[in-house]
Every structure is written in structure tokens, then in C-alpha cells.
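Visitor: So here's work_23.cif, just mmCIF, C-alpha atoms:
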```
data_protein
#
loop_
_atom_site.group_PDB
_atom_site.id
_atom_site.type_symbol
_atom_site.label_atom_id
_atom_site.label_comp_id
_atom_site.auth_asym_id
_atom_site.auth_seq_id
_atom_site.Cartn_x
_atom_site.Cartn_y
_atom_site.Cartn_z
ATOM 1 C CA MET A 282 -20.781 39.137 0.885
ATOM 2 C CA LYS A 283 -17.294 40.642 0.869
ATOM 3 C CA ASP A 284 -15.860 37.303 2.011
ATOM 4 C CA LEU A 285 -16.697 35.861 -1.429
ATOM 5 C CA ASN A 286 -13.954 38.023 -2.919
ATOM 6 C CA ILE A 287 -11.225 36.723 -0.618
ATOM 7 C CA LYS A 288 -8.844 34.308 -2.331
ATOM 8 C CA LEU A 289 -9.168 30.941 -0.612
ATOM 9 C CA PRO A 290 -7.065 27.793 -0.836
ATOM 10 C CA THR A 291 -8.307 24.854 -2.886
ATOM 11 C CA ILE A 292 -9.148 21.484 -1.350
ATOM 12 C CA LYS A 293 -6.207 19.995 -3.269
ATOM 13 C CA GLN A 294 -3.824 22.530 -1.736
ATOM 14 C CA LEU A 295 -5.055 21.673 1.747
ATOM 15 C CA GLN A 296 -4.789 17.938 1.074
ATOM 16 C CA CYS A 297 -1.193 18.346 -0.143
ATOM 17 C CA PHE A 298 -0.394 20.530 2.851
ATOM 18 C CA LEU A 299 -1.756 17.939 5.289
ATOM 19 C CA ALA A 300 0.186 15.179 3.543
ATOM 20 C CA VAL A 301 3.457 17.080 4.005
ATOM 21 C CA ALA A 302 2.518 18.044 7.569
ATOM 22 C CA HIS A 303 1.934 14.356 8.355
ATOM 23 C CA GLU A 304 5.032 12.950 6.650
ATOM 24 C CA LEU A 305 7.366 15.945 7.165
ATOM 25 C CA ASN A 306 8.927 14.731 3.937
ATOM 26 C CA PHE A 307 7.974 16.019 0.481
ATOM 27 C CA HIS A 308 8.893 12.800 -1.335
ATOM 28 C CA ARG A 309 6.815 10.551 0.933
ATOM 29 C CA ALA A 310 3.953 13.065 0.895
ATOM 30 C CA ALA A 311 3.944 13.021 -2.914
ATOM 31 C CA GLU A 312 3.791 9.210 -2.860
ATOM 32 C CA SER A 313 0.843 9.250 -0.467
ATOM 33 C CA MET A 314 -0.961 11.708 -2.756
ATOM 34 C CA ARG A 315 -0.153 9.560 -5.829
ATOM 35 C CA MET A 316 1.667 12.406 -7.552
ATOM 36 C CA THR A 317 5.237 13.447 -8.258
ATOM 37 C CA GLN A 318 7.081 15.869 -6.016
ATOM 38 C CA PRO A 319 7.212 18.973 -8.304
ATOM 39 C CA PRO A 320 3.420 19.444 -8.593
ATOM 40 C CA LEU A 321 3.016 18.824 -4.860
ATOM 41 C CA THR A 322 5.630 21.491 -4.167
ATOM 42 C CA ARG A 323 3.757 23.898 -6.446
ATOM 43 C CA GLN A 324 0.526 23.247 -4.531
ATOM 44 C CA ILE A 325 2.314 24.135 -1.272
ATOM 45 C CA GLN A 326 3.825 27.271 -2.819
ATOM 46 C CA CYS A 327 0.395 28.410 -4.056
ATOM 47 C CA LEU A 328 -1.070 27.795 -0.603
ATOM 48 C CA GLU A 329 1.724 29.825 0.990
ATOM 49 C CA GLU A 330 0.949 32.660 -1.425
ATOM 50 C CA VAL A 331 -2.710 32.569 -0.348
ATOM 51 C CA VAL A 332 -1.799 32.534 3.356
ATOM 52 C CA GLY A 333 0.918 35.115 2.862
ATOM 53 C CA CYS A 334 3.739 33.409 4.754
ATOM 54 C CA PRO A 335 5.767 30.177 4.832
ATOM 55 C CA LEU A 336 4.113 27.068 6.238
ATOM 56 C CA PHE A 337 7.269 24.956 6.439
ATOM 57 C CA THR A 338 10.930 25.512 7.165
ATOM 58 C CA ARG A 339 13.170 23.289 5.063
ATOM 59 C CA ASP A 340 16.851 22.398 5.096
ATOM 60 C CA THR A 341 18.890 19.478 3.824
ATOM 61 C CA HIS A 342 18.032 17.363 6.868
ATOM 62 C CA GLN A 343 14.410 17.934 7.816
ATOM 63 C CA VAL A 344 11.093 19.642 7.189
ATOM 64 C CA ARG A 345 9.279 21.415 10.039
ATOM 65 C CA LEU A 346 5.983 23.251 10.369
ATOM 66 C CA THR A 347 6.145 26.948 11.128
ATOM 67 C CA ASP A 348 3.902 28.401 13.848
ATOM 68 C CA VAL A 349 1.420 29.447 11.150
ATOM 69 C CA GLY A 350 1.686 25.985 9.611
ATOM 70 C CA ARG A 351 0.743 24.319 12.910
ATOM 71 C CA LYS A 352 -2.303 26.567 13.269
ATOM 72 C CA LEU A 353 -3.369 25.901 9.685
ATOM 73 C CA GLU A 354 -2.931 22.147 10.147
ATOM 74 C CA GLU A 355 -5.565 22.078 12.883
ATOM 75 C CA HIS A 356 -8.104 24.059 10.837
ATOM 76 C CA ALA A 357 -7.303 22.214 7.588
ATOM 77 C CA LYS A 358 -8.009 18.852 9.225
ATOM 78 C CA GLN A 359 -11.395 20.132 10.372
ATOM 79 C CA LEU A 360 -12.238 21.553 6.934
ATOM 80 C CA ILE A 361 -11.277 18.356 5.101
ATOM 81 C CA SER A 362 -13.209 16.254 7.622
ATOM 82 C CA GLN A 363 -16.306 18.449 7.205
ATOM 83 C CA MET A 364 -16.087 18.394 3.415
ATOM 84 C CA THR A 365 -15.635 14.612 3.431
ATOM 85 C CA GLY A 366 -18.779 14.306 5.530
ATOM 86 C CA VAL A 367 -20.697 16.531 3.132
ATOM 87 C CA ILE A 368 -19.615 14.479 0.105
ATOM 88 C CA LYS A 369 -20.544 11.223 1.839
ATOM 89 C CA ALA A 370 -23.929 12.653 2.779
ATOM 90 C CA LEU A 371 -24.597 13.840 -0.781
ATOM 91 C CA ARG A 372 -23.337 10.682 -2.479
ATOM 92 C CA VAL A 373 -26.106 9.073 -4.465
ATOM 93 C CA GLU A 374 -26.714 5.440 -3.622
ATOM 94 C CA ASN A 375 -26.544 3.907 -7.100
ATOM 95 C CA GLY A 376 -25.688 0.335 -6.158
ATOM 96 C CA LYS A 377 -22.069 0.700 -7.256
ATOM 97 C CA VAL A 378 -19.449 -0.112 -4.658
ATOM 98 C CA LYS A 379 -15.814 0.710 -5.445
ATOM 99 C CA ILE A 380 -13.480 -2.150 -4.563
ATOM 100 C CA GLY A 381 -9.691 -1.804 -4.758
ATOM 101 C CA VAL A 382 -7.303 -4.765 -4.847
ATOM 102 C CA THR A 383 -3.582 -4.676 -4.103
ATOM 103 C CA ARG A 384 -1.031 -5.087 -6.873
ATOM 104 C CA THR A 385 0.987 -7.411 -4.623
ATOM 105 C CA LEU A 386 -1.141 -10.441 -5.564
ATOM 106 C CA ASP A 387 -2.766 -11.757 -8.718
ATOM 107 C CA PHE A 388 -6.299 -12.464 -7.515
ATOM 108 C CA THR A 389 -7.221 -14.212 -10.773
ATOM 109 C CA LEU A 390 -4.838 -17.001 -9.739
ATOM 110 C CA ILE A 391 -6.320 -17.408 -6.260
ATOM 111 C CA PRO A 392 -9.462 -19.448 -7.090
ATOM 112 C CA MET A 393 -11.465 -18.718 -3.937
ATOM 113 C CA LEU A 394 -10.936 -14.944 -4.093
ATOM 114 C CA ASN A 395 -11.288 -14.788 -7.873
ATOM 115 C CA TYR A 396 -14.649 -16.572 -7.646
ATOM 116 C CA ALA A 397 -15.900 -14.162 -4.989
ATOM 117 C CA LEU A 398 -14.834 -11.130 -7.048
ATOM 118 C CA GLU A 399 -16.418 -12.533 -10.212
ATOM 119 C CA GLN A 400 -19.756 -12.883 -8.441
ATOM 120 C CA LEU A 401 -19.702 -9.144 -7.717
ATOM 121 C CA THR A 402 -18.625 -8.007 -11.187
ATOM 122 C CA ASP A 403 -22.137 -7.369 -12.475
ATOM 123 C CA ILE A 404 -23.233 -5.208 -9.576
ATOM 124 C CA ASP A 405 -20.100 -3.395 -8.454
ATOM 125 C CA ASP A 406 -17.204 -1.353 -9.779
ATOM 126 C CA ILE A 407 -13.980 -3.253 -9.125
ATOM 127 C CA TYR A 408 -10.803 -1.249 -9.514
ATOM 128 C CA SER A 409 -7.645 -3.313 -9.854
ATOM 129 C CA HIS A 410 -5.443 -0.383 -8.895
ATOM 130 C CA GLN A 411 -1.723 -0.843 -9.473
ATOM 131 C CA LEU A 412 -1.139 0.399 -5.948
ATOM 132 C CA THR A 413 0.365 -0.856 -2.720
ATOM 133 C CA SER A 414 -1.797 -1.865 0.224
ATOM 134 C CA ARG A 415 -0.757 1.334 2.007
ATOM 135 C CA GLN A 416 -1.944 3.465 -0.909
ATOM 136 C CA LEU A 417 -5.243 1.573 -1.131
ATOM 137 C CA LEU A 418 -5.903 2.192 2.556
ATOM 138 C CA GLN A 419 -5.197 5.876 2.046
ATOM 139 C CA MET A 420 -7.805 5.905 -0.767
ATOM 140 C CA LEU A 421 -10.235 4.028 1.483
ATOM 141 C CA ASP A 422 -9.670 6.513 4.292
ATOM 142 C CA ARG A 423 -10.340 9.449 1.937
ATOM 143 C CA GLY A 424 -13.554 7.868 0.626
ATOM 144 C CA ASN A 425 -12.216 7.167 -2.881
ATOM 145 C CA LEU A 426 -12.764 3.448 -2.280
ATOM 146 C CA ASP A 427 -15.459 1.619 -0.325
ATOM 147 C CA ILE A 428 -13.698 -1.726 0.148
ATOM 148 C CA ALA A 429 -10.022 -2.659 -0.187
ATOM 149 C CA LEU A 430 -8.394 -6.080 -0.424
ATOM 150 C CA VAL A 431 -4.947 -5.616 1.083
ATOM 151 C CA GLY A 432 -1.924 -7.604 2.164
ATOM 152 C CA GLU A 433 -1.519 -7.405 5.948
ATOM 153 C CA THR A 434 -3.200 -4.896 8.235
ATOM 154 C CA THR A 435 -1.965 -1.347 8.639
ATOM 155 C CA ILE A 436 -0.049 -0.054 11.640
ATOM 156 C CA ASP A 437 -1.049 3.522 10.810
ATOM 157 C CA ASN A 438 -4.601 4.739 11.448
ATOM 158 C CA GLU A 439 -5.623 1.199 12.404
ATOM 159 C CA GLN A 440 -8.539 2.629 14.348
ATOM 160 C CA ASN A 441 -10.009 3.904 11.051
ATOM 161 C CA PHE A 442 -10.543 0.463 9.510
ATOM 162 C CA CYS A 443 -12.210 -2.859 10.182
ATOM 163 C CA PHE A 444 -10.204 -5.814 8.805
ATOM 164 C CA HIS A 445 -11.594 -9.254 7.905
ATOM 165 C CA SER A 446 -9.088 -12.064 7.296
ATOM 166 C CA ILE A 447 -9.830 -13.769 3.959
ATOM 167 C CA HIS A 448 -6.711 -15.628 2.774
ATOM 168 C CA ARG A 449 -3.116 -16.593 3.570
ATOM 169 C CA GLU A 450 -0.789 -16.558 0.574
ATOM 170 C CA SER A 451 2.408 -18.617 0.690
ATOM 171 C CA LEU A 452 5.668 -17.103 -0.494
ATOM 172 C CA MET A 453 7.826 -18.831 -3.083
ATOM 173 C CA LEU A 454 11.534 -18.467 -3.715
ATOM 174 C CA ALA A 455 12.437 -17.112 -7.150
ATOM 175 C CA MET A 456 15.976 -18.304 -7.842
ATOM 176 C CA PRO A 457 18.423 -19.123 -10.639
ATOM 177 C CA SER A 458 17.858 -22.605 -12.041
ATOM 178 C CA SER A 459 21.655 -22.918 -12.252
ATOM 179 C CA HIS A 460 21.956 -22.819 -8.449
ATOM 180 C CA PRO A 461 22.687 -26.224 -6.851
ATOM 181 C CA ALA A 462 19.707 -25.904 -4.481
ATOM 182 C CA SER A 463 17.284 -25.647 -7.409
ATOM 183 C CA ILE A 464 17.183 -29.441 -7.773
ATOM 184 C CA GLN A 465 15.173 -29.601 -4.527
ATOM 185 C CA GLU A 466 11.393 -29.183 -4.298
ATOM 186 C CA SER A 467 11.726 -26.989 -1.208
ATOM 187 C CA VAL A 468 14.687 -24.817 -0.306
ATOM 188 C CA ALA A 469 15.967 -23.431 2.996
ATOM 189 C CA LEU A 470 17.128 -19.814 2.898
ATOM 190 C CA LYS A 471 20.497 -20.891 4.290
ATOM 191 C CA GLU A 472 21.093 -22.852 1.073
ATOM 192 C CA VAL A 473 20.829 -19.700 -1.054
ATOM 193 C CA ALA A 474 22.488 -17.248 1.352
ATOM 194 C CA ASP A 475 25.347 -16.890 -1.117
ATOM 195 C CA LEU A 476 23.017 -14.767 -3.285
ATOM 196 C CA PRO A 477 21.600 -11.328 -2.363
ATOM 197 C CA LEU A 478 17.886 -11.040 -1.617
ATOM 198 C CA TYR A 479 15.950 -8.483 -3.644
ATOM 199 C CA TRP A 480 14.055 -6.539 -0.989
ATOM 200 C CA PHE A 481 11.390 -3.832 -0.966
ATOM 201 C CA SER A 482 10.994 -0.531 0.851
ATOM 202 C CA ARG A 483 9.250 -0.550 4.230
ATOM 203 C CA ARG A 484 7.079 2.372 3.065
ATOM 204 C CA ALA A 485 5.283 0.109 0.583
ATOM 205 C CA ASN A 486 3.763 -2.056 3.343
ATOM 206 C CA PRO A 487 5.172 -1.456 6.850
ATOM 207 C CA ALA A 488 3.254 -4.298 8.536
ATOM 208 C CA TYR A 489 4.277 -6.910 5.951
ATOM 209 C CA TYR A 490 7.861 -5.649 5.944
ATOM 210 C CA ASP A 491 8.091 -5.869 9.744
ATOM 211 C CA LYS A 492 6.533 -9.342 9.731
ATOM 212 C CA CYS A 493 9.157 -10.657 7.304
ATOM 213 C CA GLU A 494 12.021 -8.827 8.995
ATOM 214 C CA ALA A 495 11.092 -10.304 12.378
ATOM 215 C CA TYR A 496 11.826 -13.745 10.925
ATOM 216 C CA LEU A 497 14.819 -12.827 8.768
ATOM 217 C CA GLN A 498 16.614 -10.973 11.574
ATOM 218 C CA GLN A 499 16.588 -13.996 13.881
ATOM 219 C CA LEU A 500 18.227 -16.314 11.331
ATOM 220 C CA PRO A 501 21.706 -17.542 12.367
ATOM 221 C CA PHE A 502 23.136 -16.192 9.115
ATOM 222 C CA VAL A 503 22.942 -12.933 7.182
ATOM 223 C CA LEU A 504 21.023 -12.475 3.945
ATOM 224 C CA LYS A 505 22.553 -9.653 1.960
ATOM 225 C CA ARG A 506 19.844 -7.269 0.710
ATOM 226 C CA LYS A 507 19.539 -5.634 -2.693
ATOM 227 C CA SER A 508 17.003 -2.929 -3.596
ATOM 228 C CA GLU A 509 14.070 -4.356 -5.542
ATOM 229 C CA PRO A 510 13.650 -2.731 -9.001
ATOM 230 C CA ASP A 511 10.343 -1.003 -9.748
ATOM 231 C CA ASP A 512 9.872 -3.357 -12.705
ATOM 232 C CA SER A 513 9.524 -6.966 -11.512
ATOM 233 C CA LEU A 514 10.446 -8.293 -14.971
ATOM 234 C CA ILE A 515 13.864 -6.646 -14.661
ATOM 235 C CA MET A 516 14.297 -8.299 -11.271
ATOM 236 C CA LEU A 517 13.357 -11.729 -12.638
ATOM 237 C CA ALA A 518 15.737 -11.276 -15.570
ATOM 238 C CA ASN A 519 18.557 -10.523 -13.122
ATOM 239 C CA ILE A 520 17.653 -13.569 -11.041
ATOM 240 C CA ALA A 521 17.751 -15.735 -14.165
ATOM 241 C CA ARG A 522 21.299 -14.473 -14.729
ATOM 242 C CA GLY A 523 22.278 -15.563 -11.218
ATOM 243 C CA LYS A 524 22.298 -12.069 -9.701
ATOM 244 C CA GLY A 525 20.062 -12.768 -6.714
ATOM 245 C CA ILE A 526 16.905 -14.315 -5.258
ATOM 246 C CA ALA A 527 13.460 -12.989 -4.328
ATOM 247 C CA LEU A 528 10.525 -13.943 -2.118
ATOM 248 C CA MET A 529 7.310 -13.702 -4.132
ATOM 249 C CA PRO A 530 3.626 -14.466 -3.492
ATOM 250 C CA GLN A 531 2.690 -17.813 -5.021
ATOM 251 C CA SER A 532 0.061 -16.227 -7.285
ATOM 252 C CA MET A 533 2.710 -13.934 -8.796
ATOM 253 C CA CYS A 534 5.102 -16.739 -9.752
ATOM 254 C CA VAL A 535 3.884 -17.015 -13.333
ATOM 255 C CA SER A 536 6.562 -15.307 -15.411
ATOM 256 C CA THR A 537 8.844 -17.868 -17.032
ATOM 257 C CA ARG A 538 12.216 -17.426 -18.688
ATOM 258 C CA GLU A 539 15.325 -19.489 -19.240
ATOM 259 C CA GLY A 540 17.472 -19.634 -16.127
ATOM 260 C CA LEU A 541 14.613 -18.837 -13.689
ATOM 261 C CA CYS A 542 12.744 -21.234 -11.414
ATOM 262 C CA TYR A 543 10.416 -21.071 -8.417
ATOM 263 C CA ARG A 544 10.755 -23.287 -5.362
ATOM 264 C CA SER A 545 8.777 -23.700 -2.149
ATOM 265 C CA LEU A 546 10.353 -22.589 1.086
ATOM 266 C CA ASP A 547 11.164 -25.178 3.728
ATOM 267 C CA ARG A 548 8.474 -25.858 6.337
ATOM 268 C CA VAL A 549 9.760 -23.485 9.047
ATOM 269 C CA ALA A 550 10.198 -20.534 6.687
ATOM 270 C CA ASN A 551 6.862 -21.230 5.016
ATOM 271 C CA GLU A 552 5.076 -20.925 8.358
ATOM 272 C CA LYS A 553 6.606 -17.500 8.994
ATOM 273 C CA LEU A 554 6.929 -15.967 5.532
ATOM 274 C CA ASN A 555 3.496 -15.451 4.000
ATOM 275 C CA ILE A 556 0.988 -12.721 3.226
ATOM 276 C CA ASP A 557 -2.230 -12.501 5.198
ATOM 277 C CA VAL A 558 -4.890 -10.937 2.982
ATOM 278 C CA TYR A 559 -7.674 -8.839 4.484
ATOM 279 C CA LEU A 560 -10.877 -7.196 3.341
ATOM 280 C CA ALA A 561 -10.921 -3.685 4.793
ATOM 281 C CA VAL A 562 -13.778 -1.223 5.231
ATOM 282 C CA ARG A 563 -13.941 2.008 7.198
ATOM 283 C CA GLN A 564 -14.892 1.642 10.847
ATOM 284 C CA ASP A 565 -17.678 4.210 10.445
ATOM 285 C CA GLU A 566 -19.106 2.635 7.271
ATOM 286 C CA ASN A 567 -22.907 2.407 7.566
ATOM 287 C CA ARG A 568 -24.147 2.365 3.963
ATOM 288 C CA SER A 569 -26.179 -0.758 3.324
ATOM 289 C CA SER A 570 -24.836 -1.143 -0.228
ATOM 290 C CA VAL A 571 -21.242 -1.404 1.021
ATOM 291 C CA LEU A 572 -22.064 -3.605 4.012
ATOM 292 C CA ASN A 573 -24.116 -5.953 1.823
ATOM 293 C CA VAL A 574 -21.218 -6.358 -0.619
ATOM 294 C CA ARG A 575 -18.837 -6.968 2.281
ATOM 295 C CA ASP A 576 -21.123 -9.639 3.729
ATOM 296 C CA SER A 577 -21.709 -11.228 0.313
ATOM 297 C CA PHE A 578 -17.980 -11.417 -0.371
ATOM 298 C CA LEU A 579 -17.218 -12.939 3.014
ATOM 299 C CA SER A 580 -19.967 -15.543 2.557
ATOM 300 C CA LEU A 581 -18.419 -16.690 -0.749
ATOM 301 C CA ILE A 582 -14.955 -17.528 0.609
#
```
Once you've parsed the file, please lay out its structure as C-alpha cells.
Guide:
Amino acid sequence: MKDLNIKLPTIKQLQCFLAVAHELNFHRAAESMRMTQPPLTRQIQCLEEVVGCPLFTRDTHQVRLTDVGRKLEEHAKQLISQMTGVIKALRVENGKVKIGVTRTLDFTLIPMLNYALEQLTDIDDIYSHQLTSRQLLQMLDRGNLDIALVGETTIDNEQNFCFHSIHRESLMLAMPSSHPASIQESVALKEVADLPLYWFSRRANPAYYDKCEAYLQQLPFVLKRKSEPDDSLIMLANIARGKGIALMPQSMCVSTREGLCYRSLDRVANEKLNIDVYLAVRQDENRSSVLNVRDSFLSLI
């Protein structure tokens, strides 16, 4: 039993290592692990101490796996996969199904989806995580969620999930009420092109970002972009002061303040700029409790 005395890496260290190996970027890896970069870096340093050599080479431009890092990546994936299988096998079927919903939409203001979720409240754990769709799918893939309601499908690891279309959410234009176009019920983007568009990072939801960009890039005019603040209330306050415009899901257009208004997009833009909402489960999901909740939810919408 001498092997019991050998210092081994923790599961958390291996998970952090695989996140960095996948992203080859410490900042993005920390985001995917839902942690800040310093503790993730410490996990990697501790793992390197256990292994006894560097796992990554780093400079100001890129992160690369060392030869030892590439070998460890292969074995770490197998270990994590095996441990995940063990946990799934040992999980007690207690009737509770963990459902995550994206922060992008307010489901309480989408009657059909809110009704379906309310019917499941008494029998299931519903987690309204303040997370992006990408982060929810990562939790689903790791087994921390059983079902996820997300905006758009993923372009990464698509083979891991089964998506069911459940809703299409229109986008509204948040704009200054002082703008001349605000007197109209629906507004064409060309009419507000004099203001910058608050825009989000592609990492938050690559599929949704690409869908919107495909339409915006073919417009015969240029919409100047402005980085979207982390706090949406700050963004709306800036819009009220005439500092820009934003495209927002209809269910999220509830915050009111002087100088701010919401308007529908014109017909052409409305057909292209929207959020398709999906119910996602793992492709290999075979637990009756999860499949029954999935089927019940789909039958209610």
C-alpha cells in the first residue's frame, strides 16, 4: 500500500488544468471554471509541484502545453471522465432535478415558459443561476445541472447535448427618448446609427453573437460598437443620457427611468435579430427522473 503515501493531485487541480489546456488562456479558463484568475493560477502551481515540472510555457503572447502537460492532459481527461461516471452511478435518485436558466432572459415575464417552470417547482430544484448560456452548458456537461434553458445552441461540444426549441424572444431597441426616432412605434437601425451600440463579448454566447453579427455586418451602414458594461443598470443610465443604444430581449425591457424608452425593431430586423431559446439535456442522459421532467416541460409549452 505504498502508493497511498504518494502525494496526488486533487480533482479541482485537474479540472483547472484541463480548463487551461482547453482554452490556452488563463483568463478564459478562470471564467469557464467560475472563479477568478489568481486562485486558478494557484491550483496550476500546486499541480506542477505535485508533478515536479512545468505543465505550461507562458509568455506575453500565448500559453502552450509542455510535453509533460500534453501527456497529463490525456490521462487527466480519462480520470475526470471515470470519476464523473462513478458520481453519476452513485447519485441517489431522490426525485430532484436541477434546472438552470440563463440570466439573459427574465422567464417570469414570458408567460408560457413561466407557467411550465411553475408547474415543476414543487417537485424539482430550479436554479436561476446568474450565468451565461455558455456557463450553464459547461455546468450541464460536468453534471452539475440536469437541464438547462439557454439562449441559442452551442457551437462547442454540440455533440454532447440534445436541444429542444421552446421559444423565440424578440429583441427591443433601448434608446434615448430624446432621439427623434423615439416618436415611432418601430425603429430601423439606420435611424439610430448616429449612436453607438452597446455590444457584448462573443465569449458570453458565441452562437448568439455570430447570429446577430451575420445580420449587422451586411447592413449598408456601420454601427459603431461600445463595450457593454457588466451592470445593465449603468448601461441603461448611459442610454437615458443619450450615450448609446442597446438591443435587449423583450422580457428584460422592464427597467424604467427618465430619458429611456424601448421601441420595436422594424420588420426586417425583427425577423433576424431574436433569441431562440432551447431546453438542453446531455445526449447520454438516461435517468427517468430527468427525462420525465424534460417531457413534462415540453408538453406544457
Visitor: List the residues selected by the PyMOL selection byres ((chain A and resi 490) around 12) in the file shown, writing them as a PyMOL selection string.
Guide: chain A and resi 414-415+432-436+480-489+491-498+528+554-556
Visitor: Can you work out which one of A:Gln400, A:Ser570, A:Ser513, A:Gln564 has the shortest atom-to-atom distance to Asp422 of chain A, counting all atoms listed in the file?
Guide: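 For Asp422 of chain A, the nearest of the given residues is A:Gln564.
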Visitor: Taking 6 positions as the minimum chain separation for residues in the same chain, which residues sit within 12 Å of Ile464 of chain A when counting only C-alpha atoms? Answer as a list of chain:residue names.
Guide: A:Met456, A:Pro457, A:Ser458, A:Glu472, A:Cys542, A:Tyr543, A:Arg544, A:Ser545
Visitor: Between atom CA of Asn519 of chain A and atom CA of Ala455 of chain A, what is the distance, to one decimal in Å?
Guide: 10.8 Å
Visitor: Between atom CA of Asp427 of chain A and atom CA of Phe578 of chain A, what is the distance, to one decimal in Å?
Guide: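 We find that atom CA of Asp427 of chain A and atom CA of Phe578 of chain A lie 13.3 Å from each other.
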Visitor: Between A:Asn573, A:Asn551, A:Ser536, A:Gln296, which residue has the minimum interatomic distance to Thr365 of chain A, considering only C-alpha atoms?
Guide: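 Between A:Asn573, A:Asn551, A:Ser536, A:Gln296, the residue approaching Thr365 of chain A most closely is A:Gln296.
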Visitor: As JSON, please: the centre and edge lengths in Å, to one decimal, of an axis-aligned box enclosing every listed atom of segment 315-323 of chain A with 6 Å added on each side.
Guide:
```
{"center_x": 3.5, "center_y": 16.7, "center_z": -6.4, "size_x": 19.4, "size_y": 26.3, "size_z": 16.4}
```
Visitor: Within 10 Å of Thr322 of chain A, counting all atoms listed in the file, which residues qualify if same-chain residues fewer than 4 places away don't, as a list in words?
Guide: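 Once the nearby chain positions are removed, what remains is Gln294, Cys297, Phe298, Val301, Phe307, His308, Ala310, Ala311, Thr317, Gln318, Gln326, Cys327 and Leu328 of chain A.
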Visitor: Could you tell me how far atom CA of Pro335 of chain A lies from atom CA of Met420 of chain A, in Å and to one decimal?
Guide: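 So the two atoms, atom CA of Pro335 of chain A and atom CA of Met420 of chain A, lie 28.4 Å apart.
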Visitor: For Tyr559 of chain A, which of A:Leu346, A:Leu579, A:Met316, A:Leu478 is the closest residue, counting only C-alpha atoms?
Guide: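 With only C-alpha atoms as the atom set, the closest residue is A:Leu579.
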Visitor: Measuring atom to atom with all atoms listed in the file, identify which of A:Asp340, A:Thr347, A:Lys288, A:Lys293 is nearest to Gln324 of chain A.
Guide: A:Lys293
Visitor: Convert the output of the PyMOL selection byres ((chain A and resi 348) around 12) on the shown file into explicit residues, formatted as a list in words.
Guide: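 Answer for the PyMOL selection byres ((chain A and resi 348) around 12): Cys334, Pro335, Leu336, Phe337, Thr338, Arg345, Leu346, Thr347, Val349, Gly350, Arg351, Lys352, Leu353, Glu354 and Glu355 of chain A.
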Visitor: Reconstruct segment 288-294 of chain A at the level of all heavy atoms, and format the result as an mmCIF file, in the frame of the given file.
Guide:
```cif
data_model
loop_
_atom_site.group_PDB
_atom_site.id
_atom_site.type_symbol
_atom_site.label_atom_id
_atom_site.label_comp_id
_atom_site.auth_asym_id
_atom_site.auth_seq_id
_atom_site.Cartn_x
_atom_site.Cartn_y
_atom_site.Cartn_z
ATOM 1 N N LYS A 288 -9.445 35.483 -1.709
ATOM 2 C CA LYS A 288 -8.844 34.308 -2.331
ATOM 3 C C LYS A 288 -8.656 33.225 -1.285
ATOM 4 O O LYS A 288 -8.026 33.427 -0.248
ATOM 5 C CB LYS A 288 -7.499 34.666 -2.965
ATOM 6 C CG LYS A 288 -6.905 33.517 -3.764
ATOM 7 C CD LYS A 288 -5.614 33.929 -4.458
ATOM 8 C CE LYS A 288 -5.049 32.774 -5.271
ATOM 9 N NZ LYS A 288 -3.776 33.150 -5.947
ATOM 10 N N LEU A 289 -9.224 32.053 -1.561
ATOM 11 C CA LEU A 289 -9.168 30.941 -0.612
ATOM 12 C C LEU A 289 -8.356 29.790 -1.192
ATOM 13 O O LEU A 289 -8.248 29.642 -2.413
ATOM 14 C CB LEU A 289 -10.586 30.453 -0.290
ATOM 15 C CG LEU A 289 -11.508 31.465 0.410
ATOM 16 C CD1 LEU A 289 -12.909 30.889 0.530
ATOM 17 C CD2 LEU A 289 -10.958 31.808 1.791
ATOM 18 N N PRO A 290 -7.795 28.956 -0.337
ATOM 19 C CA PRO A 290 -7.065 27.793 -0.836
ATOM 20 C C PRO A 290 -8.020 26.757 -1.420
ATOM 21 O O PRO A 290 -9.195 26.698 -1.044
ATOM 22 C CB PRO A 290 -6.371 27.250 0.417
ATOM 23 C CG PRO A 290 -7.210 27.720 1.551
ATOM 24 C CD PRO A 290 -7.746 29.064 1.135
ATOM 25 N N THR A 291 -7.505 25.943 -2.322
ATOM 26 C CA THR A 291 -8.307 24.854 -2.886
ATOM 27 C C THR A 291 -8.226 23.645 -1.957
ATOM 28 O O THR A 291 -7.330 23.535 -1.113
ATOM 29 C CB THR A 291 -7.800 24.463 -4.275
ATOM 30 O OG1 THR A 291 -6.480 23.893 -4.147
ATOM 31 C CG2 THR A 291 -7.744 25.672 -5.206
ATOM 32 N N ILE A 292 -9.179 22.721 -2.120
ATOM 33 C CA ILE A 292 -9.148 21.484 -1.350
ATOM 34 C C ILE A 292 -7.862 20.718 -1.635
ATOM 35 O O ILE A 292 -7.240 20.153 -0.727
ATOM 36 C CB ILE A 292 -10.376 20.616 -1.677
ATOM 37 C CG1 ILE A 292 -11.662 21.316 -1.220
ATOM 38 C CG2 ILE A 292 -10.261 19.248 -1.013
ATOM 39 C CD1 ILE A 292 -11.765 21.528 0.271
ATOM 40 N N LYS A 293 -7.433 20.705 -2.897
ATOM 41 C CA LYS A 293 -6.207 19.995 -3.269
ATOM 42 C C LYS A 293 -4.999 20.575 -2.548
ATOM 43 O O LYS A 293 -4.136 19.827 -2.071
ATOM 44 C CB LYS A 293 -5.989 20.080 -4.784
ATOM 45 C CG LYS A 293 -4.824 19.239 -5.294
ATOM 46 C CD LYS A 293 -5.138 17.755 -5.183
ATOM 47 C CE LYS A 293 -4.094 16.911 -5.870
ATOM 48 N NZ LYS A 293 -4.386 15.474 -5.773
ATOM 49 N N GLN A 294 -4.939 21.895 -2.442
ATOM 50 C CA GLN A 294 -3.824 22.530 -1.736
ATOM 51 C C GLN A 294 -3.805 22.105 -0.267
ATOM 52 O O GLN A 294 -2.747 21.809 0.293
ATOM 53 C CB GLN A 294 -3.922 24.048 -1.854
ATOM 54 C CG GLN A 294 -3.619 24.583 -3.248
ATOM 55 C CD GLN A 294 -3.990 26.044 -3.415
ATOM 56 O OE1 GLN A 294 -4.523 26.674 -2.502
ATOM 57 N NE2 GLN A 294 -3.736 26.591 -4.600
#
```
